[in-house]
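A.B. asks: Can you keep this structure in mind? I'll have questions shortly.
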Amino acid sequence: SRKIIIDTDPGQDDAVAILLALSSAELEIVGMTAVAGNVPLRLTEKNARKICELAGRPDIKVFAGAIRPLARELVTAEEVHGETGLNGPQLPEPTMELQDQYAVDFIVETLMKEVSGTITLCALGPLTNIALALIREPKIAPRIKEIVLMGGGFFEGGNVTPTAEFNIYVDPHAADVVLKSGIPIVMMPLDVTHKALTTAKRTQAFRKLGTRVGTATTEMLEFFERFDEEKYGTDGGPLHDPCVIAYLLKPELFRGRNCNVTVETASELTMGMTVIDWWGVTKRPNNAMVMRDIDHDAFFALLLERLGRL
Ligand code: BDR
Ligand code: CA
């Protein structure tokens with residue numbers, strides 16, 4: 001099985017991504033690190049634990065990381081995710097404990113300890129924890145197998161500003177560190193996730209599983225999709241973060257291109273914009289596999305089948 005660290009800011013779509021990972025024997029979750037993003041850190045770390053308990057996995061190690069972005073003030077998204085970050089289902093307060101260790105230290109320690117090239121980082125929120133780990137111990141960079149991240153957008157534009165996607169916008173400086181790290185990166189931008197729509201039929205299919213996880217998933221998606229449905233006028237909202245985990249399980253569901261990606265960190269107008277050289281018009285070296293298309297039917301079939309195992 002493949003060893004992963006999930007860095008996350010749950011978030012209903014983060015939660016579904018975590019459930020997908022927990023239900024997949026191909027993946028071994030070495031640890032889960034929470035970051036401030038959709039809601040403040042004290043909520044994201046708690047939500048991560050709630051999801052582990054929902055899946056019957058209180059043994060997963062959950063760590064709290066950065067309380068705020070590297071340079072900018074924290075921007076949150078309660079209007080999308082609700083006050084708790086996980087509005088929708090009534091999940092009990094978690095009883096499993098948060099680990100004492102700082103998430104950034106855990107990432108560094110794990111990468112230095114495990115066999116080089118065996119750990120994949122799955123980034124589902126702002127990239128603050130991962131950037132801090134790279135700054136603290138640059139030796140981890142060549143030891144990381146791959147970073148698969150949800151973030152950015154190109155032809156699709158942004159979802160927080162006309163040009164910026166939320167995860168990159170919240171901490172553009174961290175994204176800059178990660179993109180310049182030389183680590184192999186796979187990027188799931190809005191161009192992919194806006195094609196993974198939670199139609200009513202797909203959303204209700206989870207409830208029909210007749211399990212606690214299935215019901216909670218439907219309730220999360222019902223809450224989560226209302227925002228984007230209204231905004232984009234689509235049937236269902238985009239299910240962003242599970243694309244990262246689905247890629248690890250079935251990379252053939254995605255199509256993209258190797259290109260150069262840089263992040264705007266100076267202009268207030270386009271702060272957090274991912275500048276993706278899709279047509280190779282610069283001579284800048286490729287630093288990311290940027291996905292653009294997804295087999296969304298197969299993606300939802302995978303989700304349903306896997307969550308049905310929990
Ligand atoms: C990203 O922002 C968050 O609201 C979601 O969890 C996802 O990671 C989408 O822009
Ligand atoms: Ca997220």
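Convention: chains lettered A, B, ... in structure tokens order; per-chain residue numbering from 1; ligands numbered from 1 as shown.
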Write out as a PyMOL selection string all residues of stretch 272-305 of chain A that DSSP puts in helix (DSSP H, G or I) for this structure's backbone.

C.D. replies: chain A and resi 296-305

A.B. asks: So which residues are near ligand 2, meaning at most 10 Å away with only C-alpha atoms and all ligand atoms counted, given back as a list in words?

C.D. replies: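 Checked against 10 Å with only C-alpha atoms and all ligand atoms; the hits are Asp7, Thr8, Asp9, Pro10, Gly11, Gln12, Asp13, Asp14, Ala15, Ala17, Val35, Ala36, Gly37, Asn38, Val39, Thr44, Ala123, Leu124, Gly125, Pro126, Leu149, Met150, Gly151, Phe166, Asn167, His240, Asp241 and Pro242 of chain A.
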
A.B. asks: Could you list, as a ChimeraX atom specification, every residue within 10 Å of A:Leu307, counting only C-alpha atoms and ignoring same-chain residues fewer than 3 positions away?

C.D. replies: /A:16,19-24,55,206,209,211,213-214,217,302-304,310

A.B. asks: Of the residues A:Leu27, A:Val160, A:Leu179, A:Cys52, which is the one nearest to A:Ala246, using only C-alpha atoms?

C.D. replies: A:Leu27

A.B. asks: In Å, rounded to a single decimal, give me how far atom CA of A:Glu83 is from atom CA of A:Thr198.

C.D. replies: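 Taking atom CA of A:Thr198 and atom CA of A:Glu83, their separation equals 21.6 Å.
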
A.B. asks: Would you mind writing down, as a PyMOL selection string, each residue of stretch 49-284 of chain A that DSSP on the backbone assigns to strand (DSSP E)?

C.D. replies: chain A and resi 62-64+119-123+144-150+185-188+254-259+261-263+274-276

A.B. asks: Go ahead and save the picked residues with N, CA and C atoms, as a PDB file, in the first residue's frame.

C.D. replies:
```
ATOM      1  N   VAL A  62      -4.048  12.421  14.298  1.00  0.00           N
ATOM      2  CA  VAL A  62      -4.405  13.749  13.780  1.00  0.00           C
ATOM      3  C   VAL A  62      -3.580  14.812  14.500  1.00  0.00           C
ATOM      4  N   PHE A  63      -2.948  15.677  13.727  1.00  0.00           N
ATOM      5  CA  PHE A  63      -2.069  16.721  14.254  1.00  0.00           C
ATOM      6  C   PHE A  63      -2.599  18.091  13.863  1.00  0.00           C
ATOM      7  N   ALA A  64      -2.388  19.070  14.729  1.00  0.00           N
ATOM      8  CA  ALA A  64      -2.763  20.448  14.382  1.00  0.00           C
ATOM      9  C   ALA A  64      -1.518  21.194  13.915  1.00  0.00           C
ATOM     10  N   ILE A 119       6.717   8.479   0.705  1.00  0.00           N
ATOM     11  CA  ILE A 119       5.597   9.227   1.288  1.00  0.00           C
ATOM     12  C   ILE A 119       5.022  10.216   0.272  1.00  0.00           C
ATOM     13  N   THR A 120       3.710  10.137   0.088  1.00  0.00           N
ATOM     14  CA  THR A 120       2.993  11.082  -0.773  1.00  0.00           C
ATOM     15  C   THR A 120       2.224  12.051   0.120  1.00  0.00           C
ATOM     16  N   LEU A 121       2.295  13.336  -0.217  1.00  0.00           N
ATOM     17  CA  LEU A 121       1.520  14.330   0.525  1.00  0.00           C
ATOM     18  C   LEU A 121       0.258  14.665  -0.265  1.00  0.00           C
ATOM     19  N   CYS A 122      -0.877  14.571   0.410  1.00  0.00           N
ATOM     20  CA  CYS A 122      -2.157  14.920  -0.215  1.00  0.00           C
ATOM     21  C   CYS A 122      -2.602  16.239   0.396  1.00  0.00           C
ATOM     22  N   ALA A 123      -2.625  17.293  -0.388  1.00  0.00           N
ATOM     23  CA  ALA A 123      -2.922  18.624   0.140  1.00  0.00           C
ATOM     24  C   ALA A 123      -4.328  19.046  -0.272  1.00  0.00           C
ATOM     25  N   ILE A 144      10.231  13.362  -0.719  1.00  0.00           N
ATOM     26  CA  ILE A 144       8.784  13.278  -0.947  1.00  0.00           C
ATOM     27  C   ILE A 144       8.540  12.628  -2.296  1.00  0.00           C
ATOM     28  N   LYS A 145       7.710  11.580  -2.320  1.00  0.00           N
ATOM     29  CA  LYS A 145       7.421  10.896  -3.585  1.00  0.00           C
ATOM     30  C   LYS A 145       6.706  11.849  -4.524  1.00  0.00           C
ATOM     31  N   GLU A 146       5.683  12.530  -3.987  1.00  0.00           N
ATOM     32  CA  GLU A 146       4.827  13.350  -4.840  1.00  0.00           C
ATOM     33  C   GLU A 146       3.899  14.174  -3.945  1.00  0.00           C
ATOM     34  N   ILE A 147       3.531  15.357  -4.419  1.00  0.00           N
ATOM     35  CA  ILE A 147       2.474  16.121  -3.754  1.00  0.00           C
ATOM     36  C   ILE A 147       1.295  16.175  -4.707  1.00  0.00           C
ATOM     37  N   VAL A 148       0.162  15.670  -4.262  1.00  0.00           N
ATOM     38  CA  VAL A 148      -1.055  15.775  -5.068  1.00  0.00           C
ATOM     39  C   VAL A 148      -1.931  16.800  -4.364  1.00  0.00           C
ATOM     40  N   LEU A 149      -2.258  17.878  -5.051  1.00  0.00           N
ATOM     41  CA  LEU A 149      -2.961  18.964  -4.374  1.00  0.00           C
ATOM     42  C   LEU A 149      -4.210  19.403  -5.119  1.00  0.00           C
ATOM     43  N   MET A 150      -5.176  19.887  -4.330  1.00  0.00           N
ATOM     44  CA  MET A 150      -6.329  20.556  -4.929  1.00  0.00           C
ATOM     45  C   MET A 150      -6.073  22.046  -4.801  1.00  0.00           C
ATOM     46  N   ILE A 185       4.694  17.370  -8.604  1.00  0.00           N
ATOM     47  CA  ILE A 185       3.385  17.875  -8.166  1.00  0.00           C
ATOM     48  C   ILE A 185       2.317  17.464  -9.170  1.00  0.00           C
ATOM     49  N   VAL A 186       1.187  17.013  -8.644  1.00  0.00           N
ATOM     50  CA  VAL A 186      -0.003  16.808  -9.470  1.00  0.00           C
ATOM     51  C   VAL A 186      -1.047  17.769  -8.936  1.00  0.00           C
ATOM     52  N   MET A 187      -1.623  18.547  -9.826  1.00  0.00           N
ATOM     53  CA  MET A 187      -2.527  19.617  -9.405  1.00  0.00           C
ATOM     54  C   MET A 187      -3.943  19.367  -9.934  1.00  0.00           C
ATOM     55  N   MET A 188      -4.911  19.452  -9.023  1.00  0.00           N
ATOM     56  CA  MET A 188      -6.331  19.347  -9.394  1.00  0.00           C
ATOM     57  C   MET A 188      -6.949  20.733  -9.284  1.00  0.00           C
ATOM     58  N   PHE A 254      -8.138  10.806 -14.878  1.00  0.00           N
ATOM     59  CA  PHE A 254      -7.808  12.212 -15.096  1.00  0.00           C
ATOM     60  C   PHE A 254      -6.926  12.400 -16.329  1.00  0.00           C
ATOM     61  N   ARG A 255      -7.113  13.569 -16.971  1.00  0.00           N
ATOM     62  CA  ARG A 255      -6.282  13.923 -18.118  1.00  0.00           C
ATOM     63  C   ARG A 255      -5.719  15.318 -17.889  1.00  0.00           C
ATOM     64  N   GLY A 256      -4.456  15.498 -18.231  1.00  0.00           N
ATOM     65  CA  GLY A 256      -3.859  16.811 -18.055  1.00  0.00           C
ATOM     66  C   GLY A 256      -2.567  16.921 -18.817  1.00  0.00           C
ATOM     67  N   ARG A 257      -1.739  17.834 -18.379  1.00  0.00           N
ATOM     68  CA  ARG A 257      -0.519  18.158 -19.102  1.00  0.00           C
ATOM     69  C   ARG A 257       0.544  18.606 -18.111  1.00  0.00           C
ATOM     70  N   ASN A 258       1.784  18.269 -18.416  1.00  0.00           N
ATOM     71  CA  ASN A 258       2.894  18.788 -17.629  1.00  0.00           C
ATOM     72  C   ASN A 258       3.155  20.211 -18.037  1.00  0.00           C
ATOM     73  N   CYS A 259       3.156  21.134 -17.112  1.00  0.00           N
ATOM     74  CA  CYS A 259       3.479  22.509 -17.493  1.00  0.00           C
ATOM     75  C   CYS A 259       4.123  23.277 -16.356  1.00  0.00           C
ATOM     76  N   VAL A 261       3.890  26.165 -13.612  1.00  0.00           N
ATOM     77  CA  VAL A 261       2.877  26.903 -12.852  1.00  0.00           C
ATOM     78  C   VAL A 261       3.577  27.848 -11.888  1.00  0.00           C
ATOM     79  N   THR A 262       3.171  29.109 -11.904  1.00  0.00           N
ATOM     80  CA  THR A 262       3.668  30.072 -10.923  1.00  0.00           C
ATOM     81  C   THR A 262       2.463  30.728 -10.256  1.00  0.00           C
ATOM     82  N   VAL A 263       2.706  31.326  -9.101  1.00  0.00           N
ATOM     83  CA  VAL A 263       1.614  31.936  -8.346  1.00  0.00           C
ATOM     84  C   VAL A 263       1.869  33.425  -8.164  1.00  0.00           C
ATOM     85  N   THR A 274      -3.102  31.325 -10.184  1.00  0.00           N
ATOM     86  CA  THR A 274      -2.121  30.359 -10.684  1.00  0.00           C
ATOM     87  C   THR A 274      -1.929  30.638 -12.174  1.00  0.00           C
ATOM     88  N   VAL A 275      -0.709  30.983 -12.516  1.00  0.00           N
ATOM     89  CA  VAL A 275      -0.382  31.277 -13.917  1.00  0.00           C
ATOM     90  C   VAL A 275       0.143  29.985 -14.529  1.00  0.00           C
ATOM     91  N   ILE A 276      -0.705  29.357 -15.326  1.00  0.00           N
ATOM     92  CA  ILE A 276      -0.415  28.026 -15.855  1.00  0.00           C
ATOM     93  C   ILE A 276      -0.039  28.142 -17.332  1.00  0.00           C
TER      94      ILE A 276
END
```

A.B. asks: Calculate how many Å separate atom CA of A:His194 from atom CA of A:Gly210, rounding to one decimal.

C.D. replies: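 Separation of atom CA of A:His194 and atom CA of A:Gly210: 27.8 Å.
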
A.B. asks: If you measure from atom CA of A:Lys250 to atom CA of A:Ala301, what distance in Å do you get, rounded to one decimal?

C.D. replies: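 According to the coordinates, atom CA of A:Lys250 and atom CA of A:Ala301 are separated by 11.7 Å.
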
A.B. asks: Which residues are close to A:Leu43, i.e. within 8 Å by only C-alpha atoms, leaving aside same-chain residues fewer than 4 positions away? Reply as a PyMOL selection string.

C.D. replies: chain A and resi 39+47+84-85
